[in-house]
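Chemist: My structure is stored as entry.cif, with mmCIF, C-alpha atoms.
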data_final
#
loop_
_atom_site.label_atom_id
_atom_site.label_comp_id
_atom_site.auth_asym_id
_atom_site.auth_seq_id
_atom_site.Cartn_x
_atom_site.Cartn_y
_atom_site.Cartn_z
CA MET J 178 135.77 127.32 88.25
CA LEU J 179 137.12 130.53 89.72
CA ILE J 180 136.01 133.70 87.95
CA VAL J 181 137.56 136.99 89.04
CA THR J 182 137.76 140.49 87.60
CA THR J 183 141.30 141.08 88.86
CA PRO J 184 144.40 140.45 86.71
CA THR J 185 145.93 138.12 89.29
CA ILE J 186 144.76 135.57 91.83
CA GLU J 187 146.00 136.41 95.28
CA GLY J 188 148.50 133.93 96.67
CA LYS J 189 148.26 131.65 93.64
CA LYS J 190 150.65 131.17 90.77
CA ILE J 191 149.34 131.22 87.24
CA LEU J 192 150.88 128.38 85.28
CA GLU J 193 149.50 128.83 81.81
CA TYR J 194 147.52 131.38 79.84
CA HIS J 195 144.97 129.86 77.47
CA GLY J 196 143.74 133.07 75.88
CA LEU J 197 140.54 135.00 75.48
CA VAL J 198 137.20 133.40 76.24
CA THR J 199 133.83 135.05 75.66
CA GLY J 200 130.18 134.42 76.29
CA GLU J 201 127.05 136.16 75.05
CA SER J 202 123.35 135.99 75.55
CA LEU J 203 120.40 137.94 74.25
CA LEU J 204 117.43 139.11 76.21
CA GLY J 205 114.29 140.31 74.53
CA ALA J 206 112.19 142.77 76.42
CA ASN J 207 108.79 142.86 74.83
CA VAL J 208 105.62 144.86 75.05
CA TYR J 209 103.87 142.46 77.41
CA LYS J 210 106.69 142.48 79.87
CA ASP J 211 106.72 146.27 79.67
CA LEU J 212 103.04 146.19 80.45
CA PHE J 213 103.43 144.15 83.59
CA SER J 214 106.48 145.99 84.83
CA GLY J 215 104.44 149.14 84.32
CA VAL J 216 101.70 147.72 86.53
CA ARG J 217 104.24 146.97 89.23
CA ASP J 218 105.60 150.48 88.99
CA VAL J 219 102.21 151.94 89.74
CA VAL J 220 101.33 149.45 92.45
CA GLY J 221 104.66 150.08 94.07
CA GLY J 222 107.59 147.78 93.72
CA ARG J 223 110.62 147.52 91.59
CA THR J 224 110.59 146.47 87.99
CA SER J 225 111.54 142.95 88.92
CA ALA J 226 110.40 141.45 85.62
CA TYR J 227 113.44 143.03 84.01
CA GLU J 228 115.80 142.22 86.83
CA GLU J 229 114.83 138.57 86.78
CA GLU J 230 115.41 138.41 83.01
CA LEU J 231 118.73 140.20 83.34
CA ARG J 232 119.92 137.75 85.93
CA LYS J 233 118.99 134.86 83.67
CA ALA J 234 120.75 136.39 80.67
CA ARG J 235 123.87 137.06 82.69
CA SER J 236 124.10 133.52 84.02
CA VAL J 237 123.67 132.12 80.49
CA ALA J 238 126.55 134.29 79.25
CA LEU J 239 128.77 133.33 82.17
CA ASP J 240 127.97 129.64 81.74
CA SER J 241 128.92 129.68 78.08
CA MET J 242 132.18 131.44 78.91
CA GLU J 243 132.96 128.88 81.58
CA GLU J 244 132.27 126.09 79.15
CA LYS J 245 134.72 127.52 76.61
CA ALA J 246 137.35 127.97 79.31
CA ALA J 247 136.88 124.37 80.45
CA GLN J 248 137.30 123.18 76.87
CA LYS J 249 140.69 124.86 76.79
CA GLY J 250 141.67 123.06 79.96
CA ALA J 251 141.62 126.11 82.21
CA ASN J 252 140.52 126.14 85.84
CA ALA J 253 140.03 129.89 86.22
CA VAL J 254 139.10 132.99 84.24
CA ILE J 255 140.78 136.27 85.22
CA GLY J 256 140.25 139.90 84.21
CA VAL J 257 136.59 139.28 83.46
CA ARG J 258 134.50 142.18 82.20
CA LEU J 259 130.74 142.23 81.89
CA ALA J 260 129.06 144.53 79.40
CA TYR J 261 125.46 145.23 78.57
CA GLN J 262 124.52 146.47 75.12
CA ASN J 263 121.22 147.79 73.95
CA LEU J 264 120.32 146.67 70.45
CA GLY J 265 117.33 148.98 70.08
CA GLY J 266 114.16 148.58 68.09
CA THR J 267 110.81 150.26 67.97
CA MET J 268 108.45 147.75 69.50
CA GLY J 269 110.63 146.28 72.17
CA ASN J 270 114.23 146.03 72.99
CA THR J 271 116.91 143.45 72.78
CA ILE J 272 119.62 143.59 75.38
CA MET J 273 122.87 141.78 74.73
CA VAL J 274 124.91 140.67 77.69
CA THR J 275 128.54 139.98 76.84
CA VAL J 276 131.20 138.66 79.15
CA PHE J 277 134.88 138.18 78.36
CA GLY J 278 138.06 137.27 80.16
CA THR J 279 141.34 135.39 80.00
CA ALA J 280 141.31 131.66 80.65
CA VAL J 281 144.21 130.49 82.81
CA SER J 282 145.43 127.47 84.74
CA PHE J 283 146.62 128.16 88.26
CA GLN J 284 148.33 126.06 90.86
CA ASP J 285 145.98 125.21 93.66
CA MET V 168 123.76 179.46 39.27
CA LEU V 169 122.07 177.77 36.34
CA ALA V 170 124.80 175.19 36.05
CA SER V 171 124.52 174.25 39.71
CA MET V 172 120.76 173.89 39.35
CA GLU V 173 121.32 171.64 36.36
CA ASN V 174 123.80 169.54 38.30
CA PHE V 175 121.38 169.27 41.18
CA LEU V 176 118.62 168.09 38.86
CA ILE V 177 120.86 165.56 37.11
CA GLU V 178 122.05 164.26 40.45
CA LYS V 179 118.56 163.89 41.82
CA LYS V 180 116.80 162.87 38.63
CA TRP V 181 116.09 159.34 39.83
CA ALA V 182 114.80 160.62 43.15
CA PHE V 183 112.29 162.83 41.38
CA GLY V 184 111.65 160.08 38.86
CA ALA V 185 110.89 157.60 41.64
CA ILE V 186 108.48 160.01 43.30
CA PHE V 187 106.82 160.81 39.97
CA ILE V 188 106.37 157.15 39.00
CA GLY V 189 105.11 156.36 42.49
CA VAL V 190 102.53 159.11 42.34
CA LEU V 191 101.49 158.06 38.84
CA LEU V 192 100.97 154.42 39.76
CA GLY V 193 99.18 155.36 42.99
CA PHE V 194 96.91 157.69 41.08
CA LEU V 195 96.27 155.00 38.45
CA SER V 196 95.30 152.49 41.11
CA ALA V 197 93.00 155.06 42.71
CA VAL V 198 91.31 155.70 39.33
CA ILE V 199 90.84 151.96 38.81
CA CYS V 200 89.35 151.64 42.30
CA VAL V 201 86.92 154.49 41.67
CA LYS V 202 85.90 153.29 38.19
CA GLY V 203 85.55 149.69 39.28
CA ASN V 204 83.84 150.78 42.50
CA LEU V 205 85.99 148.44 44.55
CA ALA V 206 84.34 149.04 47.87
CA ILE V 207 84.03 146.94 50.98
CA PHE V 208 80.96 147.87 53.04
CA GLY V 209 80.89 151.27 51.42
CA PHE V 210 84.52 151.92 52.01
CA ASN V 211 86.63 152.24 48.91
CA ILE V 212 89.82 150.19 49.18
CA MET V 213 91.79 152.88 47.35
CA PHE V 214 92.28 154.64 50.67
CA ILE V 215 94.50 151.80 51.80
CA VAL V 216 95.83 150.38 48.57
CA SER V 217 96.88 153.50 46.66
CA PRO V 218 99.26 155.09 49.18
CA LEU V 219 100.76 151.66 49.80
CA ILE V 220 101.32 151.04 46.07
CA ALA V 221 102.76 154.54 45.61
CA GLY V 222 105.08 154.24 48.57
CA TYR V 223 106.22 150.75 47.66
CA VAL V 224 106.96 151.59 44.02
CA GLU V 225 108.79 154.76 45.00
CA ALA V 226 110.91 153.00 47.60
CA TYR V 227 111.74 150.19 45.16
CA ILE V 228 112.84 152.49 42.34
CA ALA V 229 114.68 154.84 44.68
CA ARG V 230 116.65 152.00 46.19
CA ARG V 231 117.55 150.49 42.82
CA LYS V 232 118.41 153.66 40.91
CA TYR V 233 119.07 156.40 43.42
CA GLY V 234 120.72 154.32 46.11
CA ARG V 235 118.87 155.91 49.00
CA SER V 236 115.35 156.12 50.32
CA THR V 237 113.36 159.18 49.36
CA GLY V 238 111.05 159.00 52.35
CA ALA V 239 107.74 157.87 50.81
CA ILE V 240 106.82 161.33 49.61
CA SER V 241 104.51 159.92 46.94
CA ALA V 242 102.52 157.98 49.55
CA LEU V 243 101.91 161.22 51.40
CA LEU V 244 100.98 163.05 48.19
CA ILE V 245 98.52 160.32 47.19
CA PHE V 246 97.11 160.30 50.69
CA ILE V 247 96.40 164.03 50.54
CA LEU V 248 95.10 163.77 46.98
CA ILE V 249 92.65 160.98 47.72
CA ASN V 250 91.39 162.66 50.85
CA ALA V 251 90.88 165.94 49.03
CA TYR V 252 88.99 164.11 46.31
CA SER V 253 86.77 162.09 48.60
CA TRP V 254 85.90 164.96 50.97
CA LEU V 255 85.41 167.58 48.24
CA PHE V 256 83.52 165.45 45.70
CA PRO V 257 81.69 162.86 47.74
CA LYS V 258 80.16 160.75 45.01
CA ASP V 259 79.27 158.11 47.52
CA PRO V 260 79.44 159.83 50.91
CA ILE V 261 81.55 158.13 53.53
CA VAL V 262 79.41 156.62 56.26
CA LEU V 263 80.98 156.39 59.69
CA ASN V 264 80.73 152.82 60.85
CA LEU V 265 83.10 150.24 62.26
CA PHE V 266 84.54 149.27 58.89
CA THR V 267 85.23 152.78 57.67
CA MET V 268 86.80 153.64 61.02
CA GLY V 269 89.06 150.60 60.79
CA GLY V 270 89.93 151.48 57.21
CA LEU V 271 90.71 155.04 58.18
CA ALA V 272 92.98 153.86 60.97
CA LEU V 273 94.79 151.58 58.51
CA MET V 274 95.15 154.41 56.01
CA ILE V 275 96.61 156.78 58.58
CA GLN V 276 98.88 154.01 59.79
CA ALA V 277 100.18 153.56 56.23
CA ALA V 278 100.85 157.28 55.90
CA PHE V 279 102.30 158.07 59.35
CA PRO V 280 103.57 154.80 60.81
CA ILE V 281 105.68 156.18 63.65
CA LEU V 282 103.03 158.53 65.02
CA ILE V 283 100.35 155.87 64.98
CA ASN V 284 102.61 153.25 66.50
CA TYR V 285 103.42 155.70 69.24
CA ILE V 286 99.75 156.28 69.96
CA LEU V 287 99.01 152.56 69.77
CA PHE V 288 101.86 151.24 71.89
CA VAL V 289 102.60 154.09 74.23
CA VAL V 290 99.49 156.13 74.83
CA PHE V 291 97.00 153.28 74.53
CA ILE V 292 98.93 150.64 76.46
CA GLY V 293 100.14 153.27 78.91
CA THR V 294 96.56 154.25 79.67
CA ILE V 295 95.52 150.62 80.15
CA THR V 296 98.53 150.02 82.38
CA TRP V 297 97.75 153.03 84.46
CA VAL V 298 94.10 152.03 84.88
CA ILE V 299 95.00 148.46 85.85
CA GLY V 300 97.59 149.74 88.27
CA TYR V 301 95.22 152.25 89.78
CA LEU V 302 92.51 149.62 90.27
CA GLY V 303 95.08 147.21 91.70
CA ASN V 304 96.24 149.85 94.11
CA ILE V 305 92.71 150.51 95.32
CA LEU V 306 92.12 146.77 95.62
CA SER V 307 95.27 146.16 97.65
CA ASN V 308 94.47 149.10 99.91
CA LEU V 309 90.98 147.70 100.45
CA THR V 310 92.24 144.22 101.27
CA ASP V 311 94.75 145.78 103.65
CA LYS V 312 91.87 147.42 105.46
CA VAL V 313 89.69 144.32 105.45
CA VAL V 314 92.40 141.92 106.60
CA ARG V 315 93.72 144.63 108.92
CA ARG V 316 97.28 143.91 108.21
CA SER V 317 98.99 146.15 110.71
CA PRO V 318 100.80 149.01 109.03
CA GLU V 319 103.64 148.72 111.55
CA GLU V 320 105.12 145.87 109.57
CA LYS V 321 105.56 148.14 106.60
CA VAL V 322 107.03 150.94 108.66
CA GLU V 323 109.51 148.58 110.24
CA GLU V 324 110.56 147.31 106.84
CA THR V 325 111.23 150.76 105.46
CA GLY V 326 112.91 151.66 108.73
CA ILE V 327 115.51 148.97 108.32
CA GLU V 328 116.17 150.02 104.79
CA GLN V 329 116.55 153.60 105.81
CA THR V 330 119.02 152.93 108.58
CA ASN V 331 120.88 150.76 106.15
CA ARG V 332 120.79 153.06 103.21
CA PRO V 333 121.92 156.65 103.50
CA ASP V 334 125.60 156.18 104.24
CA PHE V 335 125.95 152.44 104.44
CA LEU V 336 129.17 152.71 102.44
CA ASP V 337 130.82 154.70 105.22
CA THR V 338 129.86 152.28 107.98
CA LEU V 339 131.43 149.22 106.38
CA GLU V 340 134.15 147.42 108.29
CA TYR V 341 136.22 147.02 105.14
CA PRO V 342 135.89 149.54 102.32
CA ILE V 343 134.75 148.61 98.84
CA LEU V 344 137.54 149.25 96.33
CA THR V 345 137.65 150.12 92.66
CA ILE V 346 141.34 149.21 92.53
CA PRO V 347 142.77 145.68 92.65
CA HIS V 348 145.02 146.18 95.70
CA ILE V 349 145.35 148.25 98.82
CA SER V 350 148.68 149.04 100.46
CA LYS V 351 147.25 148.74 103.96
CA GLY V 352 146.04 145.27 104.84
CA LYS V 353 146.15 142.13 102.77
CA ILE V 354 143.87 140.17 100.50
CA VAL V 355 143.87 136.57 101.69
CA LYS V 356 141.80 134.94 98.99
CA HIS V 357 139.98 135.74 95.77
CA LEU V 358 136.56 134.14 95.84
CA GLY V 359 135.05 135.00 92.47
CA MET V 360 133.08 137.54 90.50
CA VAL V 361 129.96 139.12 91.96
CA VAL V 362 127.37 141.28 90.23
CA GLY V 363 124.65 143.60 91.44
CA GLU V 364 121.90 144.91 89.20
CA ALA V 365 119.06 147.35 89.49
CA VAL V 366 116.53 148.61 87.00
CA VAL V 367 114.87 151.98 87.26
CA GLY V 368 112.19 153.53 85.20
CA LYS V 369 111.14 157.12 85.16
CA LYS V 370 109.04 158.61 87.88
CA SER V 371 107.11 160.80 85.48
CA PRO V 372 103.72 159.50 84.36
CA LYS V 373 103.23 157.58 81.16
CA GLY V 374 101.16 158.72 78.24
CA ILE V 375 100.72 162.10 76.67
CA SER V 376 102.33 164.03 79.51
CA LYS V 377 105.58 162.24 78.68
CA ILE V 378 105.79 164.04 75.35
CA VAL V 379 105.52 167.52 76.80
CA SER V 380 107.42 167.13 80.05
CA GLN V 381 111.18 167.56 79.99
CA ASP V 382 113.54 164.99 81.48
CA LYS V 383 115.16 165.88 84.76
CA LEU V 384 117.88 164.04 86.60
CA ASP V 385 115.70 163.82 89.71
CA ASP V 386 113.14 161.81 87.79
CA MET V 387 115.47 158.90 87.27
CA GLU V 388 116.05 157.69 90.84
CA LEU V 389 119.60 156.89 89.82
CA LYS V 390 120.99 157.28 93.31
CA LYS V 391 118.61 154.72 94.73
CA ALA V 392 119.36 152.30 91.92
CA ARG V 393 123.10 152.63 92.36
CA GLU V 394 122.84 152.00 96.07
CA ARG V 395 120.65 148.99 95.47
CA ALA V 396 123.12 147.58 92.95
CA ILE V 397 126.04 148.04 95.35
CA GLN V 398 124.05 146.51 98.18
CA GLU V 399 123.20 143.50 96.05
CA LEU V 400 126.88 143.19 95.12
CA LEU V 401 127.87 143.22 98.76
CA GLU V 402 125.20 140.73 99.75
CA GLU V 403 126.32 138.35 97.06
CA ALA V 404 129.93 138.69 98.17
CA ARG V 405 128.99 137.93 101.77
CA LYS V 406 126.96 134.94 100.63
CA ILE V 407 130.06 133.27 99.17
CA GLY V 408 132.13 134.14 102.22
CA GLY V 409 133.89 137.36 101.27
CA ASN V 410 133.99 140.44 103.45
CA THR V 411 134.54 143.07 100.75
CA VAL V 412 134.73 143.59 97.00
CA VAL V 413 137.65 144.88 94.95
CA GLU V 414 137.85 146.21 91.36
CA VAL V 415 134.28 147.42 91.40
CA LEU V 416 132.99 148.87 88.14
CA ILE V 417 129.69 150.69 87.96
CA ASP V 418 127.99 150.83 84.61
CA TYR V 419 124.87 152.58 83.41
CA ASN V 420 122.87 151.39 80.46
CA THR V 421 119.69 152.68 78.98
CA ILE V 422 117.14 150.48 77.34
CA GLY V 423 114.26 152.15 75.70
CA GLY V 424 112.35 152.39 72.52
CA ILE V 425 109.09 153.94 71.63
CA SER V 426 107.24 152.58 74.64
CA GLY V 427 109.27 154.18 77.41
CA SER V 428 112.72 153.72 78.78
CA ALA V 429 114.46 152.21 81.75
CA THR V 430 118.00 152.44 83.04
CA ILE V 431 120.01 149.46 84.21
CA VAL V 432 122.69 150.08 86.80
CA THR V 433 125.19 147.29 87.21
CA ALA V 434 128.06 146.87 89.62
CA THR V 435 130.66 144.15 89.00
CA GLY V 436 133.63 143.20 91.13
CA THR V 437 135.60 140.39 92.71
CA ALA V 438 134.68 139.18 96.16
CA VAL V 439 137.70 138.75 98.44
CA VAL V 440 138.60 137.80 101.98
CA TYR V 441 140.44 140.83 103.32
CA GLU V 442 142.44 141.29 106.47
#
Output the file's structure in the form of structure tokens.

Modeler:
Amino acid sequence: MLIVTTPTIEGKKILEYHGLVTGESLLGANVYKDLFSGVRDVVGGRTSAYEEELRKARSVALDSMEEKAAQKGANAVIGVRLAYQNLGGTMGNTIMVTVFGTAVSFQD
Amino acid sequence: MLASMENFLIEKKWAFGAIFIGVLLGFLSAVICVKGNLAIFGFNIMFIVSPLIAGYVEAYIARRKYGRSTGAISALLIFILINAYSWLFPKDPIVLNLFTMGGLALMIQAAFPILINYILFVVFIGTITWVIGYLGNILSNLTDKVVRRSPEEKVEETGIEQTNRPDFLDTLEYPILTIPHISKGKIVKHLGMVVGEAVVGKKSPKGISKIVSQDKLDDMELKKARERAIQELLEEARKIGGNTVVEVLIDYNTIGGISGSATIVTATGTAVVYE
């Protein structure tokens, strides 16, 4: 499935608009992960514990959006936006990754 | 003047009532504890139980009748009252041992939860983290020396990054765009969405110094993170066969609670084949 952030697909004709599709996923960052990313910071290296988790959360959100688009019979999603929200908390943090776009069918 | 005072009192009567009842019940429980000598290893449980009872009762009544929280004032009052009593009239003097220390910690935690949580989760864990990191650093330096890994490898690695980094955006064959089209040239094919992410923490040390030091923009390493995110974006685009990215959006997001904060920089766009 083609996923683009642009409103059109270059050189392709959009046949049908199926409407809005969304996907979400939550990512909990906890004290232990903070601890280890802290260790890495001191040793020298990037906070890859977070980046790995972020990547996972993003792919989960994208997958669920793709699934919804496929259910509607679409073969592409256009105008996709990706947003990260911080849900706060005292002990740790929950990060919500949301992704939304318009499901369309285009002529190949 | 008098009328406004009266109005104020009528308006807040349940708030004061809640605090009063809370204090009363807390005091009652403290009296029962003292009379019944409810002590565990010489430590009277009233230190923990009474502020908790007072605070709980006050919060319950305030929420039911007043509609808002009153901020556990009675718990604080009881806390001060009990401490004054036990330090001024030590009927059975408090002995400092492990149990009384634990009890004291619990009592302070009940009275000032945020402060104690901060000390527990930020200062304490921060210190441990720093120590582990410091030891790890020494260890890795030592093993470097023992194994005699040549330092040239490292230099070369940073060298590549540096030649790549400072103005890598200007040396690109095709420019990265934040708009969907460009009048010069043509987009041949849309390949799909690509994302680059980078997480940065603060450079400033953890622990107590974090409270006193002021945040500066230099501390955040935002520039480095942004460049890394864009680089990742470009790499991903090249991996799926594109030669540039259009409609790039850069977004900054802060995650952080009591135990420190980090900033996520994300770059999203659509990889294209561009001529």

Chemist: Quick one: apply the PyMOL selection byres ((chain V) within 6 of (chain J)) to the file and drop the selected residues here as an MDAnalysis selection string.

Modeler: chainID V and resid 296 300 304 356 359:360 422 424:425 437

Chemist: With all atoms listed in the file as the basis for distance, which of V:Arg405, V:Arg230, V:Arg393, V:His357 is at the shortest distance from Ile186 in chain V?

Modeler: V:Arg230

Chemist: Which one of V:Val440, V:Ala396, V:Leu344, V:Val198 sits closest to Val413 in chain V if you count all atoms listed in the file?

Modeler: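 Looking only at the distances to Val413 in chain V, the closest residue turns out to be V:Leu344.
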
Chemist: Name the residues captured by the PyMOL selection byres ((chain V and resi 404) around 10) when it is applied to the shown file; answer as a list of chain:residue names.

Modeler: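 When the PyMOL selection byres ((chain V and resi 404) around 10) is applied, the selected residues are V:Leu358, V:Gly359, V:Met360, V:Val361, V:Val362, V:Gly363, V:Gln398, V:Glu399, V:Leu400, V:Leu401, V:Glu402, V:Glu403, V:Arg405, V:Lys406, V:Ile407, V:Gly408, V:Gly409, V:Asn410, V:Thr411, V:Val412, V:Gly436, V:Thr437, V:Ala438, V:Val439, V:Val440.
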
Chemist: When you draw a straight line from CA of Val190 in chain V to CA of Phe175 in chain V, how long is it in Å?

Modeler: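 Answer for the CA of Val190 in chain V to CA of Phe175 in chain V separation: 21.4 Å.
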
Chemist: Please indicate the distance in Å from CA of Ala185 in chain V to CA of Ala226 in chain V, rounded to one decimal place.

Modeler: 7.5 Å

Chemist: Counting only C-alpha atoms, what is within 9 Å of range 244-250 of chain J, bar same-chain residues fewer than 5 positions away, as a PDB file with C-alpha atoms, in the coordinates of the input?

Modeler:
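selection-v7.pdb was written with the following content:
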ATOM      1  CA  MET J 178     135.770 127.320  88.250  1.00  0.00           C
ATOM      2  CA  HIS J 195     144.970 129.860  77.470  1.00  0.00           C
ATOM      3  CA  GLY J 196     143.740 133.070  75.880  1.00  0.00           C
ATOM      4  CA  LEU J 197     140.540 135.000  75.480  1.00  0.00           C
ATOM      5  CA  VAL J 198     137.200 133.400  76.240  1.00  0.00           C
ATOM      6  CA  THR J 199     133.830 135.050  75.660  1.00  0.00           C
ATOM      7  CA  GLY J 200     130.180 134.420  76.290  1.00  0.00           C
ATOM      8  CA  LEU J 239     128.770 133.330  82.170  1.00  0.00           C
ATOM      9  CA  THR J 279     141.340 135.390  80.000  1.00  0.00           C
ATOM     10  CA  ALA J 280     141.310 131.660  80.650  1.00  0.00           C
ATOM     11  CA  VAL J 281     144.210 130.490  82.810  1.00  0.00           C
ATOM     12  CA  SER J 282     145.430 127.470  84.740  1.00  0.00           C
TER      13      SER J 282
END
